[in-house]
Every structure is written in C-alpha cells, then in structure tokens.
Amino acid sequence: MNEEPSFLFVCLGNICRSPLAEGAFRRATEEAGFDILADSAGTAAYHVGEPPDPRAIETALRNGTDISHLRGRQLVRDDFARFTHILAMDHQNLRNIEALRPQGADTHVSLLMDMVPGREGAAIADPYYGGEENFADTWDDAWMAAQALVEHLRGRG
Ligand code: 4NP
C-alpha cells in the first residue's frame, strides 16, 4: 500500500478505551517523529460531543498525555474512506464496524491488540464499570499497541 497510513481507534462509547488508544498513539508517533492522521470514534452515540471519562483523562495525564480536548463522536460510513486502518478494542466493536463497511471498501479492520505480537485476538476490556486499576490496564494495553504500531511504521520505511 503506497497510501499514507491513517488510524481510527474504535470502542463502544468513545469516552474510555478509544480516546486512550488515540492519545497513546499520538504520543508514541510524536516521540518517534511521525506525523500520522489519527482519530477515535464509538460504535454507539451515547456520548457524542462529550469529553473522555474523567478517569480516562486522569489515567492519560498520569502517563504524560493530555486527552481532555477530545470529544466523543460516532463511527460513520465515511470513516472507511478517510482511514486506511480501523482498530477495534473488542470483538463486539469489530462486528459493529464490519456491519457498517460500505460495499467495496478495502479498509483494514482488525482488533487493536492484533498489532501486538503475542496478543493477537485479545480484546481490551471495557473499564467503564471498573475502577482506577482497570483504566491503568487499558492504558498499558493502549501504550503497548501504540509502540507496536510505531514499529510497523518504522518497518514500512
Ligand atoms: P468505552 O467505554 O467503549 O471504552 O468508551 C464505555 C463507555 C460508555 C458506555 C459503555 C462503555 N456506556 O454504556 O455508556
């Protein structure tokens, strides 16, 4: 693929997992000197226009990343034209993304953790009904995936 890669991170609400994944990716690519289009979205519309969950904002800040400016939005069919890669946090997200795929769209859709050697097929657990430690785990997964994506981008040359 010669097209510049671009990444959309998708969860259910776009207030917990995918903003953390977007934040981790933005930080990792900045540190690596890459300027890559990235965004996040939710398959559901519950939290459209809202900032990330305060626990997600706090967790990102503790890891040196500000995601407080992000606002929730819902995945739309046009995202399949705007992004080369759509990365789902869990298997339900993956099914909902595929259900929206326009006919003929060749967008690469996979689980985010498929990018991490040894974690293929794994979901990032929803921390929404959990506590601080669940958000810390989400960050750790998101950061690991961001590093793996940077490695992919380096390998691409
Ligand atoms: P997320 O978490 O999909 O990681 O943003 C959730 C956020 C909100 C809800 C569920 C999960 N909710 O039911 O409102």
# chains A, B, ... in the order shown; residues from 1 in each chain; ligands from 1

call {"tool": "residues_near_ligand", "arguments": {"ligand": "ligand 1", "cutoff": "6 Å", "atoms": "only C-alpha atoms and all ligand atoms", "output": "list in words"}}
result
Cys11, Leu12, Gly13, Asn14, Ile15, Cys16, Arg17, Tyr46, Asp126 and Tyr128 of chain A

call {"tool": "select_by_dssp", "arguments": {"residues": "stretch 86-137 of chain A", "states": "strand (DSSP E)", "output": "list in words"}}
result
Ile86, Leu87, Ala88, His108, Val109, Ser110 and Leu111 of chain A

call {"tool": "residues_around", "arguments": {"residues": "A:Pro51", "least_positions_apart": "5", "cutoff": "7 Å", "atoms": "only C-alpha atoms", "output": "JSON, numbers by chain"}}
result
{"A": [15, 68, 69, 70, 71, 72]}

call {"tool": "closest_residue", "arguments": {"among": "A:Arg156, A:Leu100, A:Arg77, A:Gln147", "to": "A:Phe25", "atoms": "only C-alpha atoms"}}
result
A:Gln147

call {"tool": "atom_distance", "arguments": {"atom1": "atom CA of A:Gln103", "atom2": "atom CA of A:Asp78"}}
result
11.9 Å

call {"tool": "residues_around", "arguments": {"residues": "stretch 139-146 of chain A", "least_positions_apart": "3", "cutoff": "10 Å", "atoms": "only C-alpha atoms", "output": "count of residues only"}}
result
37

call {"tool": "closest_residue", "arguments": {"among": "A:Glu58, A:Asp79, A:Glu3, A:Asp53", "to": "A:Ser40", "atoms": "only C-alpha atoms"}}
result
A:Asp79

call {"tool": "closest_residue", "arguments": {"among": "A:Val76, A:Ile36, A:Ala148, A:Phe9", "to": "A:Glu120", "atoms": "only C-alpha atoms"}}
result
A:Ala148
